[in-house]
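Structure below is final13.cif: mmCIF, C-alpha atoms.
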```
data_work
#
loop_
_atom_site.label_atom_id
_atom_site.label_comp_id
_atom_site.auth_asym_id
_atom_site.auth_seq_id
_atom_site.Cartn_x
_atom_site.Cartn_y
_atom_site.Cartn_z
CA MET K 25 0.00 0.00 0.00
CA PRO K 26 1.14 3.62 -0.50
CA GLU K 27 3.92 4.82 1.81
CA LEU K 28 4.14 8.60 2.21
CA PHE K 29 7.19 9.87 4.10
CA PRO K 30 8.07 13.26 5.58
CA PHE K 31 11.03 15.07 4.03
CA PRO K 32 13.00 18.27 4.75
CA GLY K 33 11.40 20.64 2.26
CA LEU K 34 13.40 23.30 0.47
CA ARG K 35 11.54 26.60 0.70
CA TYR K 36 12.05 30.16 -0.46
CA GLN K 37 13.38 32.45 2.28
CA ARG K 38 11.46 35.72 2.32
CA ALA K 39 14.35 37.69 3.85
CA ALA K 40 16.71 36.66 1.04
CA LEU K 41 14.12 37.34 -1.65
CA ASP K 42 12.93 40.78 -0.59
CA ALA K 43 9.73 39.90 -2.47
CA ASP K 44 6.35 38.29 -1.97
CA LEU K 45 6.20 34.55 -2.67
CA GLY K 46 3.74 35.26 -5.45
CA ALA K 47 6.61 36.74 -7.45
CA VAL K 48 8.63 33.50 -7.40
CA THR K 49 5.96 30.80 -7.65
CA ALA K 50 4.62 29.44 -10.94
CA PRO K 51 1.85 27.21 -12.28
CA PRO K 52 2.80 23.61 -13.22
CA TYR K 53 5.12 23.46 -16.22
CA ASP K 54 2.61 21.84 -18.56
CA VAL K 55 0.05 24.67 -18.37
CA ILE K 56 2.52 27.50 -19.08
CA ASP K 57 2.51 28.87 -22.62
CA GLU K 58 5.31 31.00 -24.08
CA GLU K 59 3.68 34.29 -23.12
CA GLY K 60 3.14 33.11 -19.56
CA ARG K 61 6.71 31.85 -19.37
CA ALA K 62 8.08 35.26 -20.31
CA GLN K 63 5.83 36.98 -17.76
CA LEU K 64 7.00 34.67 -14.98
CA GLU K 65 10.66 35.21 -15.90
CA ALA K 66 10.10 38.96 -15.76
CA ALA K 67 8.35 38.75 -12.38
CA HIS K 68 11.52 37.86 -10.44
CA PRO K 69 15.05 36.58 -11.22
CA GLN K 70 14.47 33.56 -8.95
CA ASN K 71 11.03 32.62 -10.24
CA ALA K 72 10.51 28.83 -10.19
CA VAL K 73 9.79 28.83 -13.93
CA ARG K 74 13.57 28.96 -14.46
CA LEU K 75 13.77 25.55 -12.80
CA ILE K 76 10.81 23.81 -14.42
CA LEU K 77 11.09 25.39 -17.91
CA PRO K 78 14.74 26.41 -18.26
CA ARG K 79 16.05 28.07 -21.41
CA ASP K 80 19.23 27.30 -23.32
CA VAL K 81 22.09 29.76 -22.99
CA GLU K 82 24.17 27.59 -25.26
CA PRO K 83 22.36 25.11 -27.52
CA GLY K 84 21.17 22.10 -25.52
CA ASP K 85 22.23 23.26 -22.06
CA ARG K 86 18.80 24.12 -20.62
CA TYR K 87 18.86 21.36 -18.01
CA GLU K 88 22.31 22.38 -16.84
CA GLN K 89 20.98 25.92 -16.58
CA ALA K 90 18.26 24.65 -14.24
CA ARG K 91 20.83 22.75 -12.15
CA ALA K 92 23.10 25.79 -11.92
CA ALA K 93 20.23 28.07 -10.86
CA PHE K 94 19.03 25.58 -8.25
CA GLU K 95 22.52 25.27 -6.76
CA GLN K 96 23.15 29.02 -6.87
CA TRP K 97 19.87 29.85 -5.11
CA ARG K 98 20.66 27.35 -2.36
CA ALA K 99 24.18 28.68 -1.92
CA ALA K 100 22.88 32.24 -1.70
CA GLY K 101 20.25 31.32 0.89
CA VAL K 102 17.34 32.06 -1.42
CA LEU K 103 16.31 28.44 -0.87
CA ALA K 104 16.92 26.65 2.42
CA ALA K 105 15.91 23.24 3.77
CA ASP K 106 13.72 22.89 6.84
CA GLY K 107 15.63 21.68 9.87
CA GLU K 108 13.66 18.42 10.14
CA PRO K 109 11.46 16.29 7.89
CA HIS K 110 7.79 17.24 7.60
CA LEU K 111 4.65 16.38 5.78
CA TYR K 112 3.22 19.60 4.38
CA VAL K 113 -0.53 20.21 4.61
CA TYR K 114 -1.45 22.12 1.44
CA ARG K 115 -4.67 24.16 1.26
CA MET K 116 -6.22 25.95 -1.71
CA VAL K 117 -9.06 28.45 -1.15
CA PHE K 118 -10.93 29.73 -4.21
CA THR K 119 -14.23 30.65 -5.80
CA ASP K 120 -15.60 28.16 -8.32
CA GLU K 121 -17.22 28.89 -11.69
CA ASP K 122 -20.63 29.21 -10.04
CA GLY K 123 -19.34 31.89 -7.67
CA GLN K 124 -19.36 29.54 -4.67
CA PRO K 125 -16.51 29.56 -2.11
CA ARG K 126 -14.49 26.35 -2.20
CA ARG K 127 -11.46 24.87 -0.51
CA MET K 128 -9.33 21.88 -1.32
CA ILE K 129 -6.89 20.38 1.14
CA GLY K 130 -4.19 17.75 0.75
CA VAL K 131 -0.78 16.81 2.06
CA VAL K 132 2.62 16.87 0.35
CA GLY K 133 5.12 14.14 1.16
CA ALA K 134 7.70 11.84 -0.42
CA LEU K 135 5.87 8.82 -1.82
CA GLU K 136 7.71 5.51 -2.04
CA LEU K 137 7.71 4.60 -5.73
CA ALA K 138 5.69 1.53 -6.62
CA THR K 139 5.06 -0.22 -9.89
CA LEU K 140 1.82 1.13 -11.31
CA GLY K 141 -1.00 -1.18 -10.37
CA GLU K 142 0.53 -2.09 -7.01
CA GLY K 143 -1.14 0.33 -4.62
CA VAL K 144 -0.63 3.26 -6.99
CA TYR K 145 -2.79 3.43 -10.12
CA ALA K 146 -2.74 5.54 -13.28
CA HIS K 147 -5.92 6.64 -15.02
CA GLU K 148 -4.66 7.97 -18.38
CA LYS K 149 -1.95 7.31 -20.96
CA THR K 150 1.20 9.40 -21.39
CA LEU K 151 3.25 10.98 -24.18
CA ALA K 152 6.84 9.78 -24.72
CA LYS K 153 8.25 13.24 -25.50
CA ALA K 154 7.03 14.73 -22.22
CA LYS K 155 8.62 11.88 -20.27
CA SER K 156 12.03 12.30 -21.90
CA ASP K 157 12.04 16.04 -21.14
CA ARG K 158 11.25 15.51 -17.44
CA LEU K 159 13.84 12.71 -17.19
CA ASP K 160 16.59 14.99 -18.49
CA LEU K 161 15.57 17.63 -15.94
CA LEU K 162 15.52 15.09 -13.09
CA ARG K 163 18.97 13.79 -14.03
CA ALA K 164 20.44 17.28 -14.04
CA THR K 165 18.82 18.72 -10.91
CA ARG K 166 18.05 15.66 -8.75
CA ALA K 167 15.02 17.46 -7.44
CA ASN K 168 11.23 17.32 -7.49
CA PHE K 169 10.08 20.88 -8.15
CA ASP K 170 6.34 20.30 -8.47
CA PRO K 171 4.34 17.52 -6.82
CA VAL K 172 2.58 14.73 -8.62
CA TRP K 173 -1.08 14.87 -7.63
CA GLY K 174 -2.52 11.70 -6.10
CA LEU K 175 -6.07 10.87 -5.03
CA SER K 176 -6.55 8.79 -1.88
CA LEU K 177 -9.52 6.54 -1.25
CA ALA K 178 -9.05 7.07 2.51
CA PRO K 179 -12.36 8.41 3.92
CA GLY K 180 -12.04 11.34 6.31
CA LEU K 181 -8.55 12.34 5.19
CA SER K 182 -9.64 15.90 4.38
CA GLU K 183 -11.12 16.35 7.88
CA VAL K 184 -7.87 15.31 9.54
CA LEU K 185 -5.88 17.67 7.34
CA GLU K 186 -8.26 20.57 8.01
CA SER K 187 -7.61 20.19 11.73
CA LEU K 188 -3.90 20.79 11.07
CA ALA K 189 -4.35 23.87 8.86
CA SER K 190 -4.78 26.41 11.62
CA GLY K 191 -2.90 29.55 12.53
CA ASP K 192 -0.54 31.31 10.18
CA PRO K 193 0.80 29.19 7.29
CA ALA K 194 4.54 28.71 6.87
CA ALA K 195 4.21 29.84 3.26
CA SER K 196 1.38 31.31 1.22
CA ALA K 197 0.75 32.95 -2.14
CA VAL K 198 -2.15 34.00 -4.34
CA ASP K 199 -1.98 32.88 -7.96
CA ALA K 200 -3.09 34.69 -11.11
CA ASP K 201 -6.59 33.18 -10.83
CA GLY K 202 -7.06 34.46 -7.29
CA VAL K 203 -6.55 31.07 -5.62
CA GLU K 204 -4.96 31.33 -2.18
CA HIS K 205 -2.34 28.61 -1.60
CA SER K 206 -1.07 27.89 1.91
CA VAL K 207 1.38 25.37 3.40
CA PHE K 208 1.36 24.11 7.02
CA PRO K 209 4.27 21.81 8.02
CA ALA K 210 3.16 18.83 10.13
CA SER K 211 5.30 16.70 12.44
CA GLY K 212 5.02 14.31 15.39
CA ASP K 213 1.89 12.24 15.96
CA ALA K 214 0.05 14.03 13.15
CA VAL K 215 2.49 12.62 10.61
CA ASP K 216 1.95 9.08 11.89
CA ARG K 217 -1.82 9.46 11.68
CA ILE K 218 -1.76 10.84 8.14
CA ARG K 219 0.66 8.17 6.95
CA ALA K 220 -1.48 5.40 8.41
CA MET K 221 -4.64 6.69 6.70
CA ILE K 222 -2.94 6.97 3.31
CA ALA K 223 -1.26 3.56 3.61
CA ALA K 224 -4.62 1.88 4.20
CA GLU K 225 -6.08 2.67 0.77
CA PRO K 226 -4.89 2.77 -2.87
CA LEU K 227 -3.78 5.99 -4.57
CA VAL K 228 -4.89 7.12 -8.03
CA ILE K 229 -2.62 9.51 -9.95
CA ALA K 230 -4.71 12.52 -10.93
CA ASP K 231 -2.06 14.75 -12.46
CA GLY K 232 1.60 14.05 -13.12
CA HIS K 233 1.56 10.67 -14.84
CA HIS K 234 4.60 11.70 -16.90
CA ARG K 235 6.61 12.69 -13.83
CA TYR K 236 5.69 9.51 -11.98
CA GLU K 237 6.77 7.31 -14.89
CA THR K 238 9.89 9.45 -15.25
CA ALA K 239 10.74 8.83 -11.59
CA LEU K 240 10.33 5.09 -12.11
CA ALA K 241 12.64 5.25 -15.13
CA TYR K 242 15.25 7.21 -13.16
CA GLN K 243 15.05 4.76 -10.26
CA GLN K 244 15.63 1.86 -12.65
CA GLU K 245 18.48 3.71 -14.35
CA ARG K 246 20.27 4.23 -11.03
CA ARG K 247 19.78 0.63 -9.96
CA GLU K 248 21.09 -0.72 -13.25
CA ALA K 249 24.19 1.46 -12.77
CA GLY K 250 24.73 -0.18 -9.37
CA ILE K 251 24.17 3.10 -7.50
CA ASP K 252 22.56 3.05 -4.06
CA ASP K 253 20.30 6.09 -4.28
CA PRO K 254 17.50 6.16 -1.64
CA GLY K 255 16.35 9.60 -2.82
CA ALA K 256 15.50 8.17 -6.23
CA ASP K 257 13.13 5.66 -4.61
CA ARG K 258 10.60 8.37 -3.78
CA ILE K 259 8.77 11.22 -5.47
CA MET K 260 7.11 14.34 -4.08
CA MET K 261 3.33 13.92 -4.15
CA LEU K 262 0.32 15.98 -3.15
CA VAL K 263 -2.33 13.58 -1.80
CA VAL K 264 -5.97 14.73 -1.79
CA GLU K 265 -9.00 12.71 -0.74
CA LEU K 266 -10.94 11.31 -3.70
CA ALA K 267 -14.20 13.11 -2.95
CA ASP K 268 -16.52 15.35 -4.97
CA ASP K 269 -16.19 18.24 -2.51
CA GLN K 270 -12.40 18.16 -2.84
CA LEU K 271 -12.02 17.99 -6.61
CA MET K 272 -12.91 19.92 -9.75
CA VAL K 273 -12.34 17.97 -12.97
CA ARG K 274 -12.34 19.73 -16.33
CA PRO K 275 -11.97 18.24 -19.82
CA ILE K 276 -9.02 18.77 -22.14
CA HIS K 277 -10.24 19.79 -25.58
CA ARG K 278 -8.76 18.84 -28.97
CA LEU K 279 -7.36 21.59 -31.18
CA LEU K 280 -7.14 20.56 -34.83
CA ARG K 281 -4.65 21.83 -37.41
CA ASN K 282 -4.33 21.01 -41.11
CA VAL K 283 -8.06 20.36 -41.33
CA HIS K 284 -9.13 19.74 -44.89
CA HIS K 285 -12.56 20.10 -46.48
CA GLU K 286 -12.79 16.33 -46.84
CA PHE K 287 -12.33 15.85 -43.08
CA ARG K 288 -15.08 18.37 -42.29
CA GLY K 289 -17.46 16.50 -44.55
CA LYS K 290 -16.61 13.10 -43.09
CA LEU K 291 -17.41 14.29 -39.54
CA ASN K 292 -21.06 13.86 -40.53
CA PHE K 293 -20.37 10.15 -40.93
CA VAL K 294 -19.40 9.63 -37.26
CA GLY K 295 -21.67 12.20 -35.65
CA THR K 296 -24.73 14.37 -36.14
CA LEU K 297 -23.85 18.06 -36.48
CA SER K 298 -26.36 20.62 -35.20
CA PRO K 299 -25.49 24.31 -35.74
CA MET K 300 -25.26 26.33 -32.50
CA GLY K 301 -24.67 29.85 -33.76
CA PRO K 302 -21.64 32.12 -33.93
CA ASN K 303 -18.30 31.57 -32.24
CA ASN K 304 -18.39 34.07 -29.39
CA PRO K 305 -18.04 33.65 -25.59
CA ASP K 306 -21.78 33.46 -24.92
CA GLY K 307 -22.18 30.99 -27.75
CA VAL K 308 -19.41 28.77 -26.35
CA ARG K 309 -20.98 28.81 -22.89
CA ASN K 310 -24.34 27.85 -24.38
CA LEU K 311 -22.68 25.08 -26.40
CA LEU K 312 -21.01 23.65 -23.28
CA ALA K 313 -24.34 23.59 -21.45
CA GLU K 314 -26.03 21.84 -24.39
CA MET K 315 -23.19 19.31 -24.59
CA GLU K 316 -23.81 18.38 -20.96
CA ARG K 317 -27.58 18.20 -21.43
CA THR K 318 -27.42 15.98 -24.53
CA ALA K 319 -24.27 13.94 -23.76
CA SER K 320 -22.64 15.33 -26.89
CA MET K 321 -19.37 16.90 -28.00
CA GLY K 322 -18.91 20.34 -29.51
CA VAL K 323 -17.29 21.62 -32.68
CA VAL K 324 -15.65 25.01 -33.20
CA ASP K 325 -15.01 25.63 -36.87
CA GLY K 326 -14.01 29.15 -37.86
CA PRO K 327 -16.81 31.60 -37.07
CA GLY K 328 -19.37 28.94 -36.12
CA LEU K 329 -20.22 26.43 -33.40
CA ALA K 330 -22.01 23.10 -33.63
CA LEU K 331 -23.15 20.25 -31.42
CA LEU K 332 -21.57 16.90 -32.37
CA THR K 333 -23.64 13.93 -31.24
CA PRO K 334 -21.71 10.68 -31.81
CA LYS K 335 -23.43 8.11 -34.00
CA LEU K 336 -23.00 5.16 -31.66
CA GLU K 337 -24.23 2.70 -34.28
CA VAL K 338 -21.31 3.74 -36.52
CA LEU K 339 -18.82 3.64 -33.66
CA GLN K 340 -20.20 0.47 -32.10
CA ARG K 341 -17.54 -1.92 -33.40
CA GLY K 342 -14.69 0.25 -32.14
CA LEU K 343 -16.33 0.90 -28.77
CA GLU K 344 -17.11 -2.77 -28.19
CA GLN K 345 -13.41 -3.58 -28.46
CA LEU K 346 -12.82 -1.44 -25.35
CA PRO K 347 -13.67 -2.16 -21.70
CA GLU K 348 -17.15 -0.91 -20.84
CA VAL K 349 -15.93 1.59 -18.26
CA LEU K 350 -14.09 3.54 -20.99
CA ARG K 351 -16.87 3.71 -23.57
CA ASP K 352 -18.76 6.72 -22.19
CA VAL K 353 -15.66 8.91 -21.81
CA ASP K 354 -15.59 11.62 -24.49
CA ALA K 355 -11.81 11.35 -24.95
CA THR K 356 -12.29 7.65 -25.77
CA ARG K 357 -15.08 8.38 -28.20
CA PHE K 358 -12.90 10.98 -29.92
CA VAL K 359 -10.17 8.37 -30.43
CA VAL K 360 -12.68 5.87 -31.85
CA MET K 361 -14.09 8.56 -34.16
CA MET K 362 -10.64 9.41 -35.49
CA GLY K 363 -9.89 5.73 -35.97
CA ARG K 364 -13.06 5.31 -37.99
CA LEU K 365 -12.28 8.38 -40.14
CA SER K 366 -8.65 7.35 -40.72
CA LEU K 367 -9.89 4.65 -43.05
CA SER K 368 -11.00 7.26 -45.57
CA VAL K 369 -9.37 10.65 -44.89
CA GLU K 370 -6.11 12.20 -43.78
CA LEU K 371 -6.45 13.11 -40.11
CA PRO K 372 -5.54 16.56 -38.76
CA GLU K 373 -2.80 17.28 -36.24
CA VAL K 374 -4.12 17.32 -32.68
CA ASP K 375 -3.09 19.63 -29.84
CA TYR K 376 -4.56 19.93 -26.35
CA ARG K 377 -6.02 22.83 -24.34
CA HIS K 378 -8.30 22.87 -21.30
CA ASP K 379 -10.02 26.26 -21.56
CA ALA K 380 -12.94 26.12 -24.01
CA LEU K 381 -13.16 29.90 -24.39
CA HIS K 382 -9.45 30.11 -25.16
CA VAL K 383 -9.75 27.21 -27.62
CA ALA K 384 -12.62 28.94 -29.44
CA GLU K 385 -10.64 32.20 -29.54
CA MET K 386 -7.63 30.38 -31.05
CA VAL K 387 -9.83 29.00 -33.82
CA ALA K 388 -11.40 32.41 -34.43
CA LYS K 389 -7.93 33.97 -34.77
CA GLY K 390 -6.66 31.25 -37.10
CA ALA K 391 -4.19 29.74 -34.61
CA ALA K 392 -6.02 26.44 -35.21
CA ASP K 393 -8.34 25.33 -37.98
CA ALA K 394 -11.01 23.77 -35.77
CA ALA K 395 -11.56 22.18 -32.38
CA ILE K 396 -13.53 19.38 -30.79
CA LEU K 397 -14.83 20.25 -27.31
CA LEU K 398 -15.23 17.37 -24.85
CA ARG K 399 -17.13 16.83 -21.60
CA PRO K 400 -15.16 16.06 -18.43
CA ALA K 401 -14.68 12.58 -17.06
CA THR K 402 -16.44 12.09 -13.73
CA ILE K 403 -14.83 11.26 -10.38
CA ASP K 404 -16.53 7.85 -10.47
CA GLN K 405 -15.19 7.13 -13.96
CA ILE K 406 -11.66 8.04 -12.90
CA ALA K 407 -11.86 5.78 -9.85
CA MET K 408 -13.34 2.84 -11.77
CA VAL K 409 -10.83 3.07 -14.62
CA ALA K 410 -7.88 3.17 -12.22
CA ALA K 411 -9.24 0.36 -10.03
CA ALA K 412 -9.63 -1.81 -13.12
CA GLY K 413 -5.98 -1.24 -14.02
CA LEU K 414 -7.00 0.60 -17.21
CA ARG K 415 -6.14 4.01 -18.64
CA MET K 416 -8.14 6.67 -20.40
CA PRO K 417 -6.63 8.28 -23.51
CA GLN K 418 -3.83 10.77 -22.96
CA LYS K 419 -4.87 14.28 -21.93
CA THR K 420 -8.34 13.31 -20.71
CA THR K 421 -8.57 15.12 -17.37
CA PHE K 422 -7.61 18.55 -16.10
CA PHE K 423 -7.86 19.05 -12.36
CA GLN K 424 -8.41 22.54 -10.95
CA PRO K 425 -7.11 24.52 -9.21
CA LYS K 426 -3.48 23.52 -9.75
CA PRO K 427 -0.99 23.53 -6.86
CA LEU K 428 1.69 26.18 -7.24
CA THR K 429 5.27 25.31 -8.02
CA GLY K 430 7.57 26.95 -5.49
CA LEU K 431 5.95 26.66 -2.08
CA VAL K 432 8.04 23.58 -1.31
CA PHE K 433 10.70 21.66 -3.27
CA ARG K 434 12.28 18.27 -2.59
CA SER K 435 15.94 17.46 -3.14
CA LEU K 436 16.64 13.78 -3.77
CA ASP K 437 19.89 14.22 -1.83
CA LEU K 438 18.11 15.31 1.37
CA GLY K 439 15.46 12.62 1.65
#
```

Transcribe the structure of this file into structure tokens.
Amino acid sequence: MPELFPFPGLRYQRAALDADLGAVTAPPYDVIDEEGRAQLEAAHPQNAVRLILPRDVEPGDRYEQARAAFEQWRAAGVLAADGEPHLYVYRMVFTDEDGQPRRMIGVVGALELATLGEGVYAHEKTLAKAKSDRLDLLRATRANFDPVWGLSLAPGLSEVLESLASGDPAASAVDADGVEHSVFPASGDAVDRIRAMIAAEPLVIADGHHRYETALAYQQERREAGIDDPGADRIMMLVVELADDQLMVRPIHRLLRNVHHEFRGKLNFVGTLSPMGPNNPDGVRNLLAEMERTASMGVVDGPGLALLTPKLEVLQRGLEQLPEVLRDVDATRFVVMMGRLSLSVELPEVDYRHDALHVAEMVAKGAADAAILLRPATIDQIAMVAAAGLRMPQKTTFFQPKPLTGLVFRSLDLG
């Protein structure tokens, strides 16, 4: 079962920074676009984006640049390790899309790596390129900069963590979306209680599949080299109770490029297209609501929107080849649709974005030719897929809000 250990976290030192922590923290690396990257770099010379998305100074030296920055900041006292190992209670306070106040609470620790399917389960597939990038960064820096996000089936975990999130936090920051992030180090009997609860139930990886598989690859690499490396046997993880009141799951939509007229016409073969008016923000919101009501997908194509209702009788053969628990997931149905169309047309290039309004704006501006909007997977679907040892298609789920990178780091050389 999952073993979560305390570790001596590396944290920014406010006195050495002479800045608010909001100036040095960053979103997770995989949600930062080029414009956002430049803004974070400009916010502060020691912003965490320089560690998670380093730039080349000389061709190919970006990972060494991250290592050098990490070592320099530690030597200068910008980053310092806590004097003893802790688990770190992590709280996010925010307002949801319906204007309701929400809070999500979890705990950050060093999780003992386990083969997927042995107490720790994945729920979606990964991309090889993303894994190779994170492996090169891990080799160079020997650090976990942002936590993998795990979901625990332990009932009551959030209540226990809430009881520990009192008083002034050890670190806090407000992100660009107005989410308040706070960290409360825990030690003593509280650590033992948290560890026991988490060890009693399986964990499902919510976000960070690439980093988890990268950590497994690095662990194997070190073992094959005959190196005793206890730090490589663990990975920093944020554990949150798998409960509806603790989680917000959003879909990841499909941006399409190199879309040809023939492809547009063939979409009618795999789904029924119903026009939904012009491509504007109100139209997109209305389309999303209609998608939910009718269990359909959406299409953004230039200036117009449409509802795309899959023709299940056409897709039946492809869906029946998959386990039943996957068949109602929109990301799965998209894959089956593309597989059916590939028999007769050249398929477009696919990219991934989570914000439907941004996706529609990209299509309107010509940054993409079209887009397929998907509905989110449910908490129950995620749990059932993981428990069955299966995986949804890559880029199926987007969990919100995202923990910040920079409130606590883990060095593999410290524990």

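Take the candidates K:Ala256, K:Ala395, K:Val338, K:Val323 and check each one against Arg163 of chain K using only C-alpha atoms; the shortest distance goes to K:Ala256.
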
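Proximity of K:Val308, K:Glu225, K:Lys290, K:Ala210 to Gly174 of chain K, computed with all atoms listed in the file, is greatest for K:Glu225.
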
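In this comparison, which uses all atoms listed in the file, the residue of K:His68, K:His284, K:Arg158, K:Arg247 approaching Leu371 of chain K most closely is K:His284.
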
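This file, queried with the PyMOL selection byres ((chain K and resi 132-140) around 8), gives the residues Pro26, Glu27, Leu28, Phe29, Pro30, Phe31, His110, Leu111, Tyr112, Val113, Tyr114, Gly130, Val131, Gly141, Glu142, Gly143, Val144, Tyr145, Ala146, Pro171, Ala239, Leu240, Asp257, Arg258, Ile259, Met260, Met261, Leu262 and Val263 of chain K.
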
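Computed from the coordinates, the atom CA of Ala105 of chain K to atom CA of Arg235 of chain K distance equals 22.5 Å.
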
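Take the candidates K:Val207, K:Leu398, K:Ala164, K:Met25 and check each one against Pro226 of chain K using only C-alpha atoms; the shortest distance goes to K:Met25.
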
### Message
As an exercise, work out the distance from atom CA of Gln405 of chain K to atom CA of Arg357 of chain K in Å and give it to one decimal place.
### Response
14.3 Å

Write out as a PDB file with C-alpha atoms, in the coordinates of the input which residues come within 12 Å of Leu367 of chain K when counting all atoms listed in the file, dropping same-chain ones fewer than 6 positions away.
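Resulting contents of selection_31.pdb:
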```pdb
ATOM      1  CA  PHE K 287     -12.330  15.850 -43.080  1.00  0.00           C
ATOM      2  CA  LYS K 290     -16.610  13.100 -43.090  1.00  0.00           C
ATOM      3  CA  VAL K 360     -12.680   5.870 -31.850  1.00  0.00           C
ATOM      4  CA  MET K 361     -14.090   8.560 -34.160  1.00  0.00           C
TER       5      MET K 361
END
```

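Among the candidates K:Leu331, K:Ala313, K:Ala47, K:Ala214, the one nearest to Thr296 of chain K when counting all atoms listed in the file is K:Leu331.
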
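Each of K:Leu280, K:Ile403, K:Val172, K:Leu332 was checked against Gly390 of chain K using all atoms listed in the file; the smallest atom-to-atom distance is that of K:Leu280.
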
### Query
Which residues, written as a ChimeraX atom specification, have at least one atom at most 8 Å from Gln424 of chain K, with all atoms listed in the file counted and residues fewer than 5 positions away on the same chain left out?
/K:271-274

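Every protein, DNA or RNA residue with an atom at most 9 Å from segment 406-409 of chain K, where all atoms listed in the file count and chain neighbours fewer than 6 positions away do not, is listed here: Ala146, His147, Glu148, Leu177, Val228, Ala230, Leu266, Val349, Leu350, Arg415, Met416 and Thr421 of chain K.
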
Dump of C-alpha atoms for the selected residues, as a PDB file, in the frame of the given file:
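Wrote selection_35.pdb, looks like this:
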```pdb
ATOM      1  CA  ALA K 146      -2.740   5.540 -13.280  1.00  0.00           C
ATOM      2  CA  HIS K 147      -5.920   6.640 -15.020  1.00  0.00           C
ATOM      3  CA  GLU K 148      -4.660   7.970 -18.380  1.00  0.00           C
ATOM      4  CA  LEU K 177      -9.520   6.540  -1.250  1.00  0.00           C
ATOM      5  CA  VAL K 228      -4.890   7.120  -8.030  1.00  0.00           C
ATOM      6  CA  ALA K 230      -4.710  12.520 -10.930  1.00  0.00           C
ATOM      7  CA  LEU K 266     -10.940  11.310  -3.700  1.00  0.00           C
ATOM      8  CA  VAL K 349     -15.930   1.590 -18.260  1.00  0.00           C
ATOM      9  CA  LEU K 350     -14.090   3.540 -20.990  1.00  0.00           C
ATOM     10  CA  ARG K 415      -6.140   4.010 -18.640  1.00  0.00           C
ATOM     11  CA  MET K 416      -8.140   6.670 -20.400  1.00  0.00           C
ATOM     12  CA  THR K 421      -8.570  15.120 -17.370  1.00  0.00           C
TER      13      THR K 421
END
```

### Query
Mind pulling up the distance from atom CA of Asn168 of chain K to atom CA of Ala92 of chain K?
15.2 Å

### Task
Pick out the residues sitting within 7 Å of Ala330 of chain K, and hand them over as a PyMOL selection string; count all atoms listed in the file, and ignore anything fewer than 3 positions along from it in its own chain.
chain K and resi 297-300+322-324

### Task
Identify the residues within 8 Å of coordinate (9.3, 34.6, -5.4) (same frame as the file), considering only C-alpha atoms, and give the answer as a PyMOL selection string.
chain K and resi 36+41+43-49+68+70-72+430

### Task
Apply the PyMOL selection byres ((chain K and resi 334) around 8) to the file shown and report the selected residues as a PyMOL selection string.
chain K and resi 294-296+320-321+332-333+335-336+339+357

Just say which residues the PyMOL selection byres ((chain K and resi 74) around 12) picks in this file, as a PDB file with C-alpha atoms, keeping the file's coordinate frame.
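Result file selection10.pdb:
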```
ATOM      1  CA  VAL K  48       8.630  33.500  -7.400  1.00  0.00           C
ATOM      2  CA  THR K  49       5.960  30.800  -7.650  1.00  0.00           C
ATOM      3  CA  ALA K  50       4.620  29.440 -10.940  1.00  0.00           C
ATOM      4  CA  TYR K  53       5.120  23.460 -16.220  1.00  0.00           C
ATOM      5  CA  ARG K  61       6.710  31.850 -19.370  1.00  0.00           C
ATOM      6  CA  ALA K  62       8.080  35.260 -20.310  1.00  0.00           C
ATOM      7  CA  GLN K  63       5.830  36.980 -17.760  1.00  0.00           C
ATOM      8  CA  LEU K  64       7.000  34.670 -14.980  1.00  0.00           C
ATOM      9  CA  GLU K  65      10.660  35.210 -15.900  1.00  0.00           C
ATOM     10  CA  ALA K  66      10.100  38.960 -15.760  1.00  0.00           C
ATOM     11  CA  ALA K  67       8.350  38.750 -12.380  1.00  0.00           C
ATOM     12  CA  HIS K  68      11.520  37.860 -10.440  1.00  0.00           C
ATOM     13  CA  PRO K  69      15.050  36.580 -11.220  1.00  0.00           C
ATOM     14  CA  GLN K  70      14.470  33.560  -8.950  1.00  0.00           C
ATOM     15  CA  ASN K  71      11.030  32.620 -10.240  1.00  0.00           C
ATOM     16  CA  ALA K  72      10.510  28.830 -10.190  1.00  0.00           C
ATOM     17  CA  VAL K  73       9.790  28.830 -13.930  1.00  0.00           C
ATOM     18  CA  LEU K  75      13.770  25.550 -12.800  1.00  0.00           C
ATOM     19  CA  ILE K  76      10.810  23.810 -14.420  1.00  0.00           C
ATOM     20  CA  LEU K  77      11.090  25.390 -17.910  1.00  0.00           C
ATOM     21  CA  PRO K  78      14.740  26.410 -18.260  1.00  0.00           C
ATOM     22  CA  ARG K  79      16.050  28.070 -21.410  1.00  0.00           C
ATOM     23  CA  ASP K  80      19.230  27.300 -23.320  1.00  0.00           C
ATOM     24  CA  ARG K  86      18.800  24.120 -20.620  1.00  0.00           C
ATOM     25  CA  TYR K  87      18.860  21.360 -18.010  1.00  0.00           C
ATOM     26  CA  GLU K  88      22.310  22.380 -16.840  1.00  0.00           C
ATOM     27  CA  GLN K  89      20.980  25.920 -16.580  1.00  0.00           C
ATOM     28  CA  ALA K  90      18.260  24.650 -14.240  1.00  0.00           C
ATOM     29  CA  ARG K  91      20.830  22.750 -12.150  1.00  0.00           C
ATOM     30  CA  ALA K  92      23.100  25.790 -11.920  1.00  0.00           C
ATOM     31  CA  ALA K  93      20.230  28.070 -10.860  1.00  0.00           C
ATOM     32  CA  PHE K  94      19.030  25.580  -8.250  1.00  0.00           C
ATOM     33  CA  TRP K  97      19.870  29.850  -5.110  1.00  0.00           C
ATOM     34  CA  LEU K 161      15.570  17.630 -15.940  1.00  0.00           C
ATOM     35  CA  PHE K 169      10.080  20.880  -8.150  1.00  0.00           C
ATOM     36  CA  THR K 429       5.270  25.310  -8.020  1.00  0.00           C
ATOM     37  CA  GLY K 430       7.570  26.950  -5.490  1.00  0.00           C
TER      38      GLY K 430
END
```
